[in-house]
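Enquirer: Below is the file my_file-v9.cif, which contains mmCIF, C-alpha atoms.
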```cif
data_target
loop_
_atom_site.label_atom_id
_atom_site.label_comp_id
_atom_site.auth_asym_id
_atom_site.auth_seq_id
_atom_site.Cartn_x
_atom_site.Cartn_y
_atom_site.Cartn_z
CA ALA J 9 25.71 23.85 -72.62
CA ALA J 10 28.73 24.71 -74.70
CA SER J 11 28.08 26.15 -78.14
CA ASP J 12 31.60 26.43 -79.43
CA GLY J 13 31.16 23.76 -82.12
CA ALA J 14 33.38 21.24 -80.34
CA PRO J 15 32.52 17.59 -81.11
CA ALA J 16 30.93 17.01 -77.69
CA ALA J 17 28.79 20.11 -78.07
CA ARG J 18 27.68 19.13 -81.58
CA ALA J 19 26.85 15.62 -80.34
CA GLY J 20 24.43 16.97 -77.75
CA ARG J 21 24.39 17.01 -73.98
CA SER J 22 25.10 13.27 -73.67
CA GLY J 23 28.38 13.58 -75.55
CA HIS J 24 27.40 10.78 -77.96
CA SER J 25 28.68 11.15 -81.49
CA ALA J 26 26.82 10.26 -84.67
CA ALA J 27 29.04 7.14 -84.92
CA ALA J 28 27.99 6.09 -81.41
CA SER J 29 24.33 6.59 -82.35
CA ARG J 30 24.77 4.41 -85.42
CA ALA J 31 26.53 1.75 -83.31
CA ALA J 32 23.58 1.75 -80.89
CA GLU J 33 21.36 0.76 -83.85
CA ASP J 34 23.67 -2.07 -84.92
CA PRO J 35 22.46 -5.61 -84.28
CA SER J 36 23.96 -6.61 -80.94
CA LEU J 37 23.91 -8.81 -77.85
CA THR J 38 25.25 -7.18 -74.69
CA GLY J 39 25.03 -7.62 -70.94
CA SER J 40 25.83 -10.02 -68.15
CA ALA J 41 23.85 -12.22 -65.81
CA LYS J 42 23.94 -14.91 -63.17
CA LEU J 43 21.88 -18.05 -63.80
CA TYR J 44 19.45 -19.34 -61.19
CA ARG J 45 20.58 -22.54 -59.42
CA SER J 46 18.81 -23.83 -56.29
CA ALA J 47 21.88 -25.95 -55.42
CA GLY J 48 24.00 -22.81 -55.00
CA ASP J 49 26.16 -23.06 -58.12
CA ASN J 50 27.54 -19.68 -59.23
CA ILE J 51 27.16 -19.46 -63.03
CA HIS J 52 27.78 -16.23 -64.96
CA PHE J 53 27.60 -15.31 -68.65
CA ALA J 54 28.60 -12.01 -70.30
CA PHE J 55 28.43 -10.83 -73.93
CA ASN J 56 29.56 -7.81 -75.90
CA ALA J 57 28.85 -8.70 -79.52
CA ARG J 58 27.69 -6.78 -82.58
CA PHE J 59 27.92 -6.32 -86.33
CA GLY J 60 27.20 -3.32 -88.51
CA LYS J 61 23.63 -3.02 -89.76
CA HIS J 62 24.96 -3.19 -93.33
CA GLU J 63 27.16 -6.21 -92.60
CA SER J 64 26.50 -9.93 -92.35
CA PRO J 65 26.05 -11.92 -89.12
CA LEU J 66 29.34 -13.61 -90.05
CA ASP J 67 31.02 -10.19 -89.70
CA ALA J 68 30.10 -10.10 -86.01
CA HIS J 69 32.81 -9.34 -83.51
CA GLY J 70 33.11 -8.98 -79.78
CA THR J 71 33.65 -11.12 -76.73
CA PHE J 72 31.96 -13.62 -74.46
CA ARG J 73 32.77 -14.99 -71.02
CA PHE J 74 31.24 -17.66 -68.84
CA SER J 75 32.11 -19.30 -65.55
CA HIS J 76 30.67 -22.05 -63.36
CA VAL J 77 31.71 -22.47 -59.73
CA PHE J 78 30.17 -25.36 -57.79
CA PRO J 79 29.22 -25.05 -54.10
CA ASN J 80 32.43 -26.96 -53.18
CA GLY J 81 34.53 -24.23 -54.83
CA THR J 82 35.62 -26.15 -57.94
CA GLY J 83 34.75 -24.90 -61.38
CA ALA J 84 35.99 -23.41 -64.61
CA PHE J 85 35.82 -20.29 -66.77
CA ALA J 86 36.16 -19.51 -70.45
CA GLU J 87 36.32 -16.41 -72.58
CA GLY J 88 36.60 -15.89 -76.28
CA ARG J 89 35.87 -14.00 -79.45
CA ILE J 90 32.51 -13.92 -81.19
CA ASP J 91 32.48 -15.29 -84.76
CA CYS J 92 28.75 -15.11 -85.56
CA LEU J 93 25.70 -13.26 -84.25
CA ILE J 94 22.13 -13.34 -85.51
CA THR J 95 19.41 -11.26 -83.85
CA GLY J 96 15.73 -11.13 -84.56
CA GLY J 97 13.12 -9.48 -82.39
CA LYS J 98 14.04 -10.23 -78.79
CA VAL J 99 16.20 -13.28 -79.56
CA ALA J 100 19.91 -13.60 -80.33
CA THR J 101 22.02 -16.60 -81.27
CA ALA J 102 25.79 -16.26 -81.20
CA SER J 103 28.88 -18.41 -81.35
CA GLY J 104 32.54 -17.92 -80.73
CA ILE J 105 35.92 -19.52 -80.28
CA VAL J 106 37.31 -20.01 -76.77
CA THR J 107 40.62 -18.14 -76.51
CA ARG J 108 41.30 -18.43 -72.78
CA THR J 109 40.12 -21.02 -70.24
CA ASP J 110 41.19 -23.17 -67.32
CA LYS J 111 39.15 -26.15 -68.55
CA PRO J 112 41.27 -28.80 -70.30
CA GLY J 113 40.34 -29.40 -73.93
CA LEU J 114 38.19 -26.28 -74.32
CA LYS J 115 40.63 -23.73 -75.76
CA GLY J 116 40.12 -23.34 -79.51
CA LYS J 117 36.63 -24.92 -79.49
CA ARG J 118 33.53 -23.16 -80.80
CA VAL J 119 30.63 -22.73 -78.37
CA GLY J 120 27.18 -21.29 -79.00
CA PHE J 121 24.71 -19.20 -77.00
CA SER J 122 21.11 -18.05 -77.28
CA VAL J 123 19.39 -15.24 -75.39
CA ARG J 124 15.79 -14.09 -75.14
CA ASP J 125 15.62 -10.47 -73.98
CA ASP J 126 12.43 -10.20 -71.91
CA GLY J 127 13.26 -7.24 -69.71
CA ARG J 128 14.07 -8.59 -66.25
CA HIS J 129 12.94 -12.12 -67.18
CA ASP J 130 15.61 -12.94 -69.77
CA ARG J 131 16.51 -16.50 -70.66
CA LEU J 132 19.74 -18.11 -71.89
CA GLY J 133 20.77 -21.29 -73.68
CA TYR J 134 24.10 -22.83 -74.69
CA SER J 135 25.36 -25.40 -77.17
CA TRP J 136 26.62 -27.93 -74.63
CA VAL J 137 23.29 -28.52 -72.86
CA GLY J 138 23.14 -32.09 -74.23
CA THR J 139 26.66 -33.00 -73.15
CA ASN J 140 26.99 -30.92 -69.95
CA ASP J 141 30.56 -30.18 -71.12
CA PRO J 142 31.43 -27.33 -73.54
CA ALA J 143 34.63 -29.17 -74.54
CA ALA J 144 32.64 -32.23 -75.69
CA THR J 145 30.95 -30.49 -78.63
CA LYS J 146 32.71 -31.56 -81.83
CA ASP J 147 32.78 -29.34 -84.93
CA LEU J 148 29.96 -26.99 -83.91
CA PRO J 149 28.89 -24.78 -86.84
CA LYS J 150 28.71 -20.99 -86.45
CA CYS J 151 25.62 -19.49 -84.76
CA VAL J 152 24.31 -22.77 -83.30
CA ALA J 153 22.95 -23.11 -79.75
CA SER J 154 20.06 -24.64 -77.83
CA ALA J 155 16.84 -22.77 -77.16
CA PRO J 156 17.13 -20.22 -74.32
CA PHE J 157 15.85 -22.48 -71.52
CA GLU J 158 17.78 -21.18 -68.46
CA THR J 159 16.34 -18.54 -66.13
CA LEU J 160 18.34 -15.69 -64.61
CA GLU J 161 18.80 -14.93 -60.95
CA SER J 162 20.18 -11.46 -61.64
CA GLY J 163 21.52 -9.33 -64.46
CA ASP J 164 20.19 -8.34 -67.84
CA PHE J 165 20.87 -8.93 -71.52
CA THR J 166 20.00 -6.54 -74.34
CA VAL J 167 19.29 -7.69 -77.89
CA VAL J 168 19.14 -5.15 -80.72
CA PRO J 169 17.41 -6.83 -83.70
CA TRP J 170 18.82 -7.06 -87.18
CA GLN J 171 16.62 -5.16 -89.65
CA VAL J 172 17.03 -7.30 -92.75
CA LYS J 173 16.50 -5.47 -96.03
CA HIS J 174 14.83 -7.74 -98.61
#
```
Rewrite the structure from the file as structure tokens, please.
Expert:
Amino acid sequence: AASDGAPAARAGRSGHSAAASRAAEDPSLTGSAKLYRSAGDNIHFAFNARFGKHESPLDAHGTFRFSHVFPNGTGAFAEGRIDCLITGGKVATASGIVTRTDKPGLKGKRVGFSVRDDGRHDRLGYSWVGTNDPAATKDLPKCVASAPFETLESGDFTVVPWQVKH
């Protein structure tokens, strides 16, 4: 190992800096997964969201993406920016504004997500479960979603809990 005092050497063998270590402790929701569907639908979700441990859930930033392709080849995708994230224990609830999509009426709408991080048995929920259409949700508040009811076929999500100081 190098001992010349260069930043990578001071950070240790992994090359992680102190800032990267602090970021790893920040409340976050990361990962991607495919939902289980016996009918053959191809549904994917991905998140990269966090906020500083000394910030508010409303200071969260990052991205989300989801897509749903039916067995006949039709479907839609959406991606956007996170505007709220709350984590506690193994559960996260997040919301964000859709910035890019091919689904009419969805761009500019807020959508919400929930995740339960249970190792390889994670679960996921989303705000449009009652309407079956993410564009149909009107005036969704920040950090609102259904319970994480969906099961995963593959992939993994990681939730880093928020350590609230009272």
Enquirer: Please evaluate the PyMOL selection byres ((chain J and resi 89) around 7) against the displayed coordinates and give the resulting residues as a list in words.
Expert: His69, Gly70, Thr71, Phe72, Gly88, Ile90, Asp91, Gly104, Ile105, Val106 and Thr107 of chain J
Enquirer: Quick check, in Å to one decimal: how far apart do atom CA of J:Asp141 and atom CA of J:Leu114 lie?
Expert: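 For atom CA of J:Asp141 relative to atom CA of J:Leu114, the distance reads 9.1 Å.
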Enquirer: Take the PyMOL selection byres ((chain J and resi 166) around 8), apply it to the structure above, and return the hits as a list in words.
Expert: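 That selection, the PyMOL selection byres ((chain J and resi 166) around 8), comes back as Ser36, Leu37, Thr38, Gly39, Asp125, Asp164, Phe165, Val167 and Val168 of chain J.
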Enquirer: Suppose you want the space between atom CA of J:Tyr134 and atom CA of J:Lys173; what is it in Å?
Expert: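 So the answer is 28.5 Å.
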Enquirer: Hey, what's within 8 Å of J:Trp170 if we count only C-alpha atoms and toss same-chain stuff fewer than 6 positions away? As JSON, numbers by chain, please?
Expert: {"J": [34, 35, 61, 94, 95, 96, 97]}
Enquirer: Got a sec to resolve the PyMOL selection byres ((chain J and resi 157) around 7) on this structure and send the residues as number ranges by chain?
Expert: J: 131-133, 155-156, 158-159
Enquirer: In terms of the shortest atom-to-atom distance over only C-alpha atoms, which of J:Lys117, J:Arg108, J:Lys146, J:His62 is closest to J:Gln171?
Expert: J:His62
Enquirer: Quick one, how far is atom CA of J:Ala102 from atom CA of J:Ser122?
Expert: 6.4 Å
Enquirer: Quick one: everything within 6 Å of J:Phe74, counting all atoms listed in the file, minus sequence neighbours fewer than 5 positions away in the same chain. Send it as a list of chain:residue names.
Expert: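 What passes the distance filter is J:His52, J:Phe53, J:Phe85, J:Ala86.
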Enquirer: Between J:Phe121, J:Ala144, J:Ser64, J:Glu161, single out the one closest to J:Asp49, counting all atoms listed in the file.
Expert: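 Going through J:Phe121, J:Ala144, J:Ser64, J:Glu161 one by one, the smallest distance to J:Asp49 is for J:Glu161.
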Enquirer: Could you check the closest approach to J:Gly116 for each of J:Asn56, J:Thr139, J:Glu87, J:Ser162 and tell me which residue wins, using all atoms listed in the file?
Expert: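 Answer, going by the shortest atom-to-atom distance: J:Glu87.
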Enquirer: Give me, as a VMD selection string, all polymer residues having an atom no more than 12 Å from J:Ser46, counting all atoms listed in the file and skipping those fewer than 4 positions away in the same chain.
Expert: chain J and resid 50 to 51 78 to 79 159 to 161
Enquirer: Would you mind telling me which residue in J:Val123, J:Val77, J:Ala84, J:Ala68 lies nearest to J:Ala41 when using all atoms listed in the file?
Expert: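 Between J:Val123, J:Val77, J:Ala84, J:Ala68, the residue approaching J:Ala41 most closely is J:Val123.
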Enquirer: From the options J:Lys150, J:Val172, J:Asp130, J:Leu93, which residue's atoms come nearest to J:Arg118, counting all atoms listed in the file?
Expert: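 For J:Arg118, the nearest of the candidates is J:Lys150.
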Enquirer: When distances are computed from only C-alpha atoms, which of J:Cys92, J:Arg128, J:Glu63, J:Thr101 shows the smallest separation from J:Ser40?
Expert: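 Answer, going by the shortest atom-to-atom distance: J:Arg128.
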Enquirer: Enclose all atoms of stretch 72-75 of chain J listed in the file in an axis-aligned box, grow every side by 8 Å, and hand back centre and edge lengths in Å to one decimal, as AutoDock Vina command-line options.
Expert:
```
--center_x 32.0 --center_y -16.5 --center_z -70.0 --size_x 17.5 --size_y 21.7 --size_z 24.9
```
